[in-house]
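my_file.cif (mmCIF, C-alpha atoms)
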data_structure
#
loop_
_atom_site.label_atom_id
_atom_site.label_comp_id
_atom_site.auth_asym_id
_atom_site.auth_seq_id
_atom_site.Cartn_x
_atom_site.Cartn_y
_atom_site.Cartn_z
CA MET L 220 7.72 -3.11 40.18
CA THR L 221 10.68 -0.77 40.27
CA LYS L 222 12.41 -2.79 37.57
CA TRP L 223 9.28 -2.64 35.36
CA LEU L 224 9.05 1.14 35.80
CA ARG L 225 12.70 1.56 34.95
CA GLU L 226 12.96 -0.82 31.97
CA THR L 227 9.46 -1.14 30.47
CA LEU L 228 7.43 1.95 31.30
CA TRP L 229 9.39 4.22 28.98
CA ARG L 230 8.72 1.83 26.08
CA HIS L 231 4.97 2.08 26.60
CA VAL L 232 5.13 5.86 26.98
CA THR L 233 7.19 6.18 23.79
CA GLY L 234 4.78 3.91 21.91
CA TRP L 235 1.72 5.92 22.97
CA ILE L 236 3.40 9.19 22.05
CA MET L 237 4.31 7.91 18.59
CA CYS L 238 0.77 6.58 18.07
CA ALA L 239 -0.69 9.95 19.05
CA PHE L 240 1.77 11.71 16.73
CA ALA L 241 0.67 9.46 13.82
CA VAL L 242 -3.08 9.64 14.51
CA PHE L 243 -3.28 13.42 15.06
CA PRO L 244 -3.17 14.38 11.34
CA LEU L 245 -5.99 11.91 10.63
CA TYR L 246 -8.00 13.35 13.51
CA LEU L 247 -7.42 16.85 12.13
CA VAL L 248 -8.70 15.78 8.71
CA PHE L 249 -11.87 14.28 10.19
CA LEU L 250 -12.40 17.38 12.33
CA SER L 251 -12.08 19.67 9.29
CA ALA L 252 -14.34 17.48 7.15
CA PHE L 253 -17.26 17.68 9.60
CA ASN L 254 -16.66 21.32 10.50
CA GLU L 255 -18.79 23.74 8.52
CA SER L 256 -16.15 26.45 8.61
CA GLY L 257 -13.52 24.10 7.17
CA SER L 258 -10.83 25.50 9.43
CA LEU L 259 -7.75 23.53 10.43
CA GLN L 260 -7.55 25.26 13.81
CA VAL L 261 -8.40 22.94 16.70
CA THR L 262 -10.40 24.87 19.32
CA SER L 263 -11.65 21.79 21.17
CA PHE L 264 -10.81 18.11 21.28
CA LEU L 265 -14.32 17.12 20.17
CA PRO L 266 -16.40 19.04 17.59
CA ARG L 267 -19.20 21.10 19.02
CA GLU L 268 -21.50 20.20 16.14
CA ILE L 269 -21.28 17.87 13.17
CA SER L 270 -22.01 19.34 9.76
CA PHE L 271 -22.15 17.63 6.35
CA ALA L 272 -21.90 20.90 4.43
CA ASN L 273 -18.47 20.02 3.06
CA PHE L 274 -19.74 16.71 1.67
CA ASP L 275 -22.72 18.55 0.20
CA VAL L 276 -20.33 20.80 -1.70
CA LEU L 277 -18.62 17.80 -3.26
CA PHE L 278 -21.75 16.05 -4.45
CA ASN L 279 -24.15 18.89 -5.23
CA ASP L 280 -21.95 21.64 -6.66
CA GLU L 281 -22.11 21.38 -10.46
CA ARG L 282 -18.72 23.02 -10.81
CA ILE L 283 -17.06 20.16 -8.90
CA PRO L 284 -17.29 16.79 -10.72
CA TYR L 285 -16.06 14.85 -7.69
CA LEU L 286 -17.67 11.54 -8.67
CA THR L 287 -16.08 11.82 -12.11
CA TRP L 288 -12.69 12.35 -10.49
CA MET L 289 -13.21 9.29 -8.29
CA LYS L 290 -14.24 7.23 -11.30
CA ASN L 291 -11.15 8.36 -13.23
CA SER L 292 -8.85 7.51 -10.32
CA LEU L 293 -10.37 4.08 -9.78
CA MET L 294 -10.30 3.27 -13.49
CA ILE L 295 -6.71 4.41 -14.04
CA SER L 296 -5.40 2.83 -10.83
CA GLY L 297 -7.22 -0.45 -11.39
CA PHE L 298 -6.05 -0.74 -14.99
CA VAL L 299 -2.44 0.06 -14.07
CA ALA L 300 -2.50 -2.42 -11.17
CA ILE L 301 -3.84 -5.28 -13.30
CA VAL L 302 -1.67 -4.70 -16.36
CA SER L 303 1.50 -4.05 -14.35
CA VAL L 304 1.02 -7.32 -12.45
CA VAL L 305 0.37 -9.30 -15.65
CA ILE L 306 3.40 -7.88 -17.47
CA GLY L 307 5.63 -7.86 -14.38
CA ALA L 308 4.82 -11.47 -13.46
CA ALA L 309 5.53 -12.72 -16.98
CA SER L 310 8.79 -10.74 -17.16
CA ALA L 311 9.92 -11.91 -13.72
CA PHE L 312 9.26 -15.54 -14.66
CA ALA L 313 11.23 -15.11 -17.88
CA PHE L 314 14.22 -13.49 -16.16
CA SER L 315 14.25 -16.12 -13.41
CA ARG L 316 13.52 -19.36 -15.28
CA LEU L 317 14.07 -18.97 -19.02
CA ARG L 318 17.32 -18.73 -20.93
CA PHE L 319 17.57 -16.18 -23.71
CA LYS L 320 20.10 -13.83 -25.27
CA GLY L 321 20.48 -10.55 -23.40
CA LYS L 322 18.99 -11.84 -20.15
CA LYS L 323 21.85 -10.66 -17.94
CA PHE L 324 22.09 -7.28 -19.68
CA GLY L 325 18.33 -6.74 -19.41
CA ILE L 326 18.13 -7.39 -15.69
CA GLN L 327 21.17 -5.20 -15.06
CA LEU L 328 19.61 -2.43 -17.15
CA LEU L 329 16.45 -2.59 -15.04
CA LEU L 330 18.54 -2.26 -11.90
CA LEU L 331 20.49 0.66 -13.35
CA ILE L 332 17.30 2.52 -14.31
CA GLN L 333 15.97 2.22 -10.75
CA MET L 334 19.02 4.11 -9.45
CA PHE L 335 17.81 7.38 -11.00
CA PRO L 336 14.81 9.27 -9.58
CA ALA L 337 11.77 9.14 -11.83
CA ILE L 338 11.32 12.91 -11.59
CA LEU L 339 14.43 13.39 -13.75
CA ALA L 340 12.52 12.01 -16.75
CA ILE L 341 9.48 14.28 -16.48
CA SER L 342 10.77 16.80 -19.03
CA ALA L 343 11.69 14.11 -21.53
CA VAL L 344 8.40 12.26 -21.05
CA TYR L 345 6.47 15.50 -21.52
CA VAL L 346 8.21 16.22 -24.83
CA ILE L 347 7.68 12.64 -26.02
CA MET L 348 3.98 12.63 -25.18
CA GLU L 349 3.58 16.06 -26.79
CA ARG L 350 4.96 14.68 -30.04
CA VAL L 351 2.89 11.49 -29.73
CA TYR L 352 -0.22 13.67 -29.57
CA LYS L 353 0.49 14.95 -33.11
CA PHE L 354 0.02 11.54 -34.78
CA ALA L 355 -1.96 9.72 -32.05
CA PRO L 356 -4.17 12.24 -30.19
CA SER L 357 -5.81 9.50 -28.12
CA LEU L 358 -2.44 8.52 -26.58
CA GLY L 359 -0.70 11.86 -26.27
CA ILE L 360 -0.54 14.55 -23.66
CA GLY L 361 -3.80 15.44 -21.96
CA THR L 362 -5.29 11.94 -22.30
CA GLN L 363 -5.83 9.31 -19.65
CA ALA L 364 -4.52 6.58 -21.97
CA GLY L 365 -1.22 8.42 -22.30
CA LEU L 366 -0.98 8.81 -18.52
CA ILE L 367 -1.61 5.09 -18.09
CA LEU L 368 1.27 4.30 -20.46
CA ILE L 369 3.57 6.51 -18.41
CA TYR L 370 2.50 4.85 -15.16
CA LEU L 371 3.05 1.39 -16.61
CA GLY L 372 6.52 2.26 -17.84
CA GLY L 373 7.53 3.64 -14.47
CA ALA L 374 6.23 0.69 -12.46
CA MET L 375 7.74 -2.13 -14.48
CA GLY L 376 11.23 -2.04 -13.01
CA VAL L 377 10.22 -2.22 -9.35
CA ASN L 378 7.54 -4.82 -9.95
CA ILE L 379 9.80 -7.08 -11.97
CA TRP L 380 12.50 -7.02 -9.30
CA LEU L 381 10.05 -7.75 -6.50
CA LEU L 382 8.39 -10.59 -8.42
CA LYS L 383 11.70 -12.02 -9.59
CA GLY L 384 12.80 -12.32 -5.98
CA PHE L 385 9.74 -14.43 -5.28
CA VAL L 386 10.24 -16.62 -8.35
CA ASP L 387 13.83 -17.30 -7.30
CA SER L 388 12.52 -18.61 -3.97
CA ILE L 389 10.35 -21.25 -5.70
CA PRO L 390 12.26 -24.56 -5.88
CA ALA L 391 13.52 -25.34 -9.36
CA GLU L 392 12.59 -28.98 -8.78
CA LEU L 393 8.97 -28.04 -9.45
CA ASP L 394 9.91 -26.83 -12.92
CA GLU L 395 11.89 -30.00 -13.60
CA ALA L 396 8.99 -32.16 -12.46
CA ALA L 397 6.65 -30.23 -14.74
CA LYS L 398 9.01 -30.71 -17.70
CA ILE L 399 9.17 -34.45 -17.03
CA ASP L 400 5.37 -34.54 -17.15
CA GLY L 401 5.50 -32.78 -20.52
CA ALA L 402 4.50 -29.29 -19.42
CA SER L 403 5.65 -26.37 -21.54
CA ALA L 404 7.05 -23.12 -20.14
CA MET L 405 3.64 -21.47 -20.47
CA GLN L 406 1.94 -24.34 -18.62
CA THR L 407 4.55 -24.16 -15.89
CA TYR L 408 3.93 -20.45 -15.56
CA TRP L 409 0.15 -20.69 -15.29
CA GLN L 410 -0.18 -23.91 -13.32
CA ILE L 411 2.77 -23.64 -10.92
CA PHE L 412 4.07 -20.10 -10.69
CA VAL L 413 0.79 -18.14 -10.67
CA PRO L 414 -0.89 -20.19 -7.87
CA LEU L 415 2.25 -20.11 -5.71
CA ALA L 416 2.83 -16.41 -6.37
CA ALA L 417 -0.66 -15.32 -5.28
CA PRO L 418 0.62 -13.51 -2.12
CA VAL L 419 3.26 -11.44 -3.88
CA LEU L 420 0.97 -10.75 -6.84
CA ALA L 421 -1.59 -9.36 -4.42
CA VAL L 422 1.06 -7.18 -2.78
CA VAL L 423 2.31 -5.84 -6.11
CA SER L 424 -1.21 -5.06 -7.29
CA LEU L 425 -1.97 -3.31 -4.00
CA LEU L 426 1.19 -1.21 -4.12
CA SER L 427 0.59 -0.33 -7.77
CA PHE L 428 -3.01 0.67 -7.08
CA ILE L 429 -2.16 2.83 -4.06
CA GLY L 430 0.83 4.45 -5.75
CA THR L 431 -1.16 5.32 -8.88
CA PHE L 432 -4.23 6.47 -6.92
CA ASN L 433 -2.17 8.88 -4.80
CA GLU L 434 0.13 10.12 -7.57
CA PHE L 435 -0.18 13.86 -8.19
CA ILE L 436 2.75 15.34 -10.13
CA LEU L 437 2.36 13.45 -13.41
CA ALA L 438 -1.43 13.57 -13.28
CA ARG L 439 -1.36 17.32 -12.66
CA LEU L 440 1.07 17.83 -15.53
CA PHE L 441 -0.61 15.66 -18.16
CA LEU L 442 -4.34 15.89 -17.42
CA ILE L 443 -5.53 19.29 -18.63
CA GLU L 444 -9.30 18.98 -18.89
CA VAL L 445 -11.24 19.21 -15.61
CA GLU L 446 -13.40 16.20 -16.42
CA SER L 447 -10.38 13.98 -17.07
CA ARG L 448 -8.56 14.73 -13.82
CA THR L 449 -7.99 12.28 -11.01
CA VAL L 450 -9.25 12.89 -7.48
CA ALA L 451 -5.81 13.92 -6.24
CA VAL L 452 -5.54 16.63 -8.90
CA GLY L 453 -9.16 17.68 -8.55
CA LEU L 454 -9.02 18.19 -4.80
CA GLN L 455 -5.91 20.32 -5.15
CA GLN L 456 -8.01 23.18 -6.51
CA PHE L 457 -9.51 23.72 -3.03
CA ILE L 458 -6.12 24.60 -1.55
CA GLY L 459 -4.19 25.71 -4.63
CA GLY L 460 -4.84 29.44 -4.44
CA GLN L 461 -3.16 31.85 -2.09
CA TYR L 462 -6.44 33.23 -0.78
CA SER L 463 -8.79 30.33 -1.59
CA GLU L 464 -7.80 27.66 0.90
CA ASN L 465 -10.97 25.69 1.58
CA TRP L 466 -9.84 22.81 3.73
CA GLY L 467 -13.33 21.52 4.53
CA PRO L 468 -14.22 20.05 1.10
CA PHE L 469 -10.60 19.01 0.66
CA ALA L 470 -10.70 16.99 3.90
CA ALA L 471 -14.13 15.55 3.08
CA GLY L 472 -12.95 14.47 -0.37
CA SER L 473 -9.80 12.94 1.09
CA ILE L 474 -11.84 10.83 3.52
CA ILE L 475 -14.10 9.52 0.76
CA ALA L 476 -11.11 8.86 -1.53
CA SER L 477 -9.42 6.78 1.17
CA ILE L 478 -12.34 4.34 1.45
CA PRO L 479 -11.49 2.25 -1.67
CA ILE L 480 -7.87 1.97 -0.57
CA VAL L 481 -8.86 0.83 2.92
CA ILE L 482 -11.26 -1.75 1.50
CA ILE L 483 -8.66 -3.17 -0.89
CA PHE L 484 -6.00 -3.13 1.82
CA LEU L 485 -8.19 -5.05 4.27
CA SER L 486 -9.28 -7.57 1.66
CA LEU L 487 -5.66 -8.35 0.74
CA GLN L 488 -4.29 -8.10 4.27
CA LYS L 489 -3.59 -11.82 4.66
CA TYR L 490 -1.26 -11.72 1.64
CA ILE L 491 0.72 -8.63 2.56
CA ILE L 492 3.17 -9.95 5.16
CA SER L 493 3.99 -13.21 3.39
CA GLY L 494 4.19 -11.55 0.00
CA LEU L 495 6.50 -8.69 1.04
CA THR L 496 8.77 -11.04 3.02
CA ALA L 497 9.08 -13.57 0.23
CA GLY L 498 9.76 -10.93 -2.41
CA SER L 499 12.35 -8.94 -0.50
CA VAL L 500 14.80 -11.50 0.86
CA LYS L 501 15.56 -13.30 -2.38
CA GLY L 502 16.99 -12.28 -5.71
#
The structure in this file should be written as structure tokens.
Amino acid sequence: MTKWLRETLWRHVTGWIMCAFAVFPLYLVFLSAFNESGSLQVTSFLPREISFANFDVLFNDERIPYLTWMKNSLMISGFVAIVSVVIGAASAFAFSRLRFKGKKFGIQLLLLIQMFPAILAISAVYVIMERVYKFAPSLGIGTQAGLILIYLGGAMGVNIWLLKGFVDSIPAELDEAAKIDGASAMQTYWQIFVPLAAPVLAVVSLLSFIGTFNEFILARLFLIEVESRTVAVGLQQFIGGQYSENWGPFAAGSIIASIPIVIIFLSLQKYIISGLTAGSVKG
């Protein structure tokens, strides 16, 4: 017993303290969401009364198109997740299995680009999209299509490297057997690589969806119209002013916005561990 107290007890105590430290912000958000005053001050461990006034503000106030923001976020995030996986998987297969001129330079260029923070390119991207708007208004600054193009360009490098690591772990004998049977490179990709890469494809799509859904800086910079904003940008107006901090609706909107991510995360949970492990130790 003395040995357990000396060697094991402190591990349990440390674990419970870290769990409490991680859960407390979530508890504070829930407390603010169901508190009519919307205050972040904790006066008691349990709320004295539960109020849905903050949720009523989100859904019944005509000045706050919350459902439109949610729809924009889901549409943009879903489109970016699907397209980035399709393009990234095809590019990773090409870099790993095919032989073409400039292959080595291309993969090194992708690695070099990832060394620089993406925020360094915001000014250049803004100027480019501003000029694109002059001859293609539907793809320029202030449009969701233009923001999607920016997201896709930023996600390609990371996704290709992660997927390439998984492709490198697939035995090359499978490709040789497919060639002997007369399969083309496209048939090998669809019939061998895609089924085997289902775990890592699920992980990449999940990471792309969550990253795009939670992204704020680019969305705040490029989406000007209120109706075209994402939920992250829209909720910022509740706490953006110096004297207009309204944490109640902000917390309520954050809870609702987290539901799609939780559902997708739980539905793809069985692929996460195997996909991340396979894609990170090879390449």
Quiz item: In Å, how far is it from CA of Met289 in chain L to CA of Ser303 in chain L?
Solution: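 Spanning CA of Met289 in chain L to CA of Ser303 in chain L is a straight-line distance of 20.8 Å.
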Would you compute an axis-aligned box for range 246-251 of chain L, covering every atom listed for it in the file with 8 Å of margin on each side, and report centre and edge lengths in Å to one decimal as lines of an AutoDock Vina configuration file?
center_x = -9.9
center_y = 16.5
center_z = 11.1
size_x = 21.0
size_y = 22.3
size_z = 20.8
Considering all atoms listed in the file, give me a table of residues in range 234-325 of chain L that are at most 6 Å from range 414-437 of chain L, with the closest atom pair and distance in Å for each, as a tab-separated table.
residue	atom	partner	partner_atom	distance
L:Ser292	CA	L:Phe432	CA	5.8
L:Ser296	CA	L:Phe428	CA	4.9
L:Ala300	CA	L:Ser424	CA	4.9
Quiz item: If you apply the PyMOL selection byres ((chain L and resi 412) around 10) to this file, what residues do you get, as a list in words?
Solution: Ala308, Ala309, Phe312, Phe385, Val386, Ile389, Leu393, Asp394, Met405, Gln406, Thr407, Tyr408, Trp409, Gln410, Ile411, Val413, Pro414, Leu415, Ala416 and Ala417 of chain L
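For range 452-454 of chain L, the non-local neighbours within 9 Å, defined as residues at least 4 positions apart in the same chain or in other chains and counting all atoms listed in the file, are Ile283, Pro284, Tyr285, Trp288, Glu434, Phe435, Ile436, Ala438, Arg439, Leu442, Val445, Arg448, Ile458, Gly459, Pro468, Phe469, Ala470, Gly472 and Ser473 of chain L.
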Exercise. Between CA of Lys290 in chain L and CA of Leu371 in chain L, measure the distance and give it in Å to one decimal.
Key: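 For CA of Lys290 in chain L relative to CA of Leu371 in chain L, the distance reads 19.0 Å.
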Quiz item: So how many Å separate CA of Leu293 in chain L and CA of Tyr370 in chain L, to one decimal?
Solution: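 These two atoms are separated by 14.0 Å.
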Self-check item: Selection dump of the PyMOL selection byres ((chain L and resi 240-248) around 9), as a list of chain:residue names
Solution: L:Trp235, L:Ile236, L:Met237, L:Cys238, L:Ala239, L:Phe249, L:Leu250, L:Ser251, L:Ala252, L:Phe253, L:Leu259, L:Gln260, L:Val261, L:Trp466, L:Gly467, L:Phe469, L:Ala470, L:Ala471, L:Ser473, L:Ile474
Residues from last step as file, C-alpha atoms, as a PDB file, in the frame of the given file:
ATOM      1  CA  TRP L 235       1.720   5.920  22.970  1.00  0.00           C
ATOM      2  CA  ILE L 236       3.400   9.190  22.050  1.00  0.00           C
ATOM      3  CA  MET L 237       4.310   7.910  18.590  1.00  0.00           C
ATOM      4  CA  CYS L 238       0.770   6.580  18.070  1.00  0.00           C
ATOM      5  CA  ALA L 239      -0.690   9.950  19.050  1.00  0.00           C
ATOM      6  CA  PHE L 249     -11.870  14.280  10.190  1.00  0.00           C
ATOM      7  CA  LEU L 250     -12.400  17.380  12.330  1.00  0.00           C
ATOM      8  CA  SER L 251     -12.080  19.670   9.290  1.00  0.00           C
ATOM      9  CA  ALA L 252     -14.340  17.480   7.150  1.00  0.00           C
ATOM     10  CA  PHE L 253     -17.260  17.680   9.600  1.00  0.00           C
ATOM     11  CA  LEU L 259      -7.750  23.530  10.430  1.00  0.00           C
ATOM     12  CA  GLN L 260      -7.550  25.260  13.810  1.00  0.00           C
ATOM     13  CA  VAL L 261      -8.400  22.940  16.700  1.00  0.00           C
ATOM     14  CA  TRP L 466      -9.840  22.810   3.730  1.00  0.00           C
ATOM     15  CA  GLY L 467     -13.330  21.520   4.530  1.00  0.00           C
ATOM     16  CA  PHE L 469     -10.600  19.010   0.660  1.00  0.00           C
ATOM     17  CA  ALA L 470     -10.700  16.990   3.900  1.00  0.00           C
ATOM     18  CA  ALA L 471     -14.130  15.550   3.080  1.00  0.00           C
ATOM     19  CA  SER L 473      -9.800  12.940   1.090  1.00  0.00           C
ATOM     20  CA  ILE L 474     -11.840  10.830   3.520  1.00  0.00           C
TER      21      ILE L 474
END
Practice problem: Find the spatial neighbours of Gly365 in chain L, counting all atoms listed in the file, within a cut-off of 12 Å - ignore same-chain residues fewer than 5 positions away - and output them as a VMD selection string. | Solution: chain L and resid 295 299 344 to 345 347 to 352 355 to 360 370 to 372 437 to 438 440 to 442 447
Quiz prompt | Among the residues L:Ile306, L:Leu329, L:Ala343, L:Ile338, the one that comes closest to Gly376 in chain L [using all atoms listed in the file] | solution =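 Distance minimum relative to Gly376 in chain L lands on L:Leu329.
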Quiz item: So, counting all atoms listed in the file, which residue among L:Glu446, L:Gly373, L:Gly384, L:Phe271 is closest to Pro336 in chain L?
Solution: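 Going through L:Glu446, L:Gly373, L:Gly384, L:Phe271 one by one, the smallest distance to Pro336 in chain L is for L:Gly373.
For the set L:Ala364, L:Ala340, L:Leu277, L:Ala313, the residue with the smallest atom-to-atom gap to Ile475 in chain L is L:Leu277, counting all atoms listed in the file.
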Would you mind putting back N, CA and C atoms on range 408-427 of chain L, then writing it out as a CSV table (one decimal), keeping the file's coordinate frame?
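result_18.csv, written as the output of this step:
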chain,number,residue,atom,x,y,z
L,408,TYR,N,4.2,-21.8,-16.1
L,408,TYR,CA,3.9,-20.4,-15.6
L,408,TYR,C,2.5,-20.4,-15.0
L,409,TRP,N,1.5,-20.8,-15.7
L,409,TRP,CA,0.2,-20.7,-15.3
L,409,TRP,C,-0.3,-21.7,-14.2
L,410,GLN,N,0.3,-22.9,-14.2
L,410,GLN,CA,-0.2,-23.9,-13.3
L,410,GLN,C,0.7,-24.0,-12.1
L,411,ILE,N,1.9,-23.5,-12.1
L,411,ILE,CA,2.8,-23.6,-10.9
L,411,ILE,C,3.1,-22.3,-10.3
L,412,PHE,N,3.6,-21.4,-11.2
L,412,PHE,CA,4.1,-20.1,-10.7
L,412,PHE,C,2.9,-19.2,-10.2
L,413,VAL,N,1.9,-19.1,-11.0
L,413,VAL,CA,0.8,-18.1,-10.7
L,413,VAL,C,0.1,-18.6,-9.4
L,414,PRO,N,-0.3,-19.8,-9.2
L,414,PRO,CA,-0.9,-20.2,-7.9
L,414,PRO,C,0.0,-20.0,-6.7
L,415,LEU,N,1.3,-20.3,-6.8
L,415,LEU,CA,2.2,-20.1,-5.7
L,415,LEU,C,2.6,-18.6,-5.5
L,416,ALA,N,2.5,-17.8,-6.5
L,416,ALA,CA,2.8,-16.4,-6.4
L,416,ALA,C,1.6,-15.5,-6.0
L,417,ALA,N,0.5,-16.1,-5.6
L,417,ALA,CA,-0.7,-15.3,-5.3
L,417,ALA,C,-0.4,-14.3,-4.2
L,418,PRO,N,0.4,-14.6,-3.1
L,418,PRO,CA,0.6,-13.5,-2.1
L,418,PRO,C,1.4,-12.3,-2.7
L,419,VAL,N,2.5,-12.6,-3.4
L,419,VAL,CA,3.3,-11.4,-3.9
L,419,VAL,C,2.6,-10.7,-5.0
L,420,LEU,N,1.7,-11.4,-5.8
L,420,LEU,CA,1.0,-10.8,-6.8
L,420,LEU,C,-0.1,-9.8,-6.2
L,421,ALA,N,-0.7,-10.2,-5.1
L,421,ALA,CA,-1.6,-9.4,-4.4
L,421,ALA,C,-0.9,-8.1,-3.9
L,422,VAL,N,0.3,-8.3,-3.3
L,422,VAL,CA,1.1,-7.2,-2.8
L,422,VAL,C,1.4,-6.2,-3.9
L,423,VAL,N,1.9,-6.7,-5.0
L,423,VAL,CA,2.3,-5.8,-6.1
L,423,VAL,C,1.1,-5.1,-6.7
L,424,SER,N,0.0,-5.7,-6.8
L,424,SER,CA,-1.2,-5.1,-7.3
L,424,SER,C,-1.7,-4.0,-6.3
L,425,LEU,N,-1.6,-4.3,-5.0
L,425,LEU,CA,-2.0,-3.3,-4.0
L,425,LEU,C,-1.1,-2.1,-4.0
L,426,LEU,N,0.2,-2.3,-4.1
L,426,LEU,CA,1.2,-1.2,-4.1
L,426,LEU,C,1.0,-0.4,-5.4
L,427,SER,N,0.8,-1.0,-6.5
L,427,SER,CA,0.6,-0.3,-7.8
L,427,SER,C,-0.7,0.5,-7.7
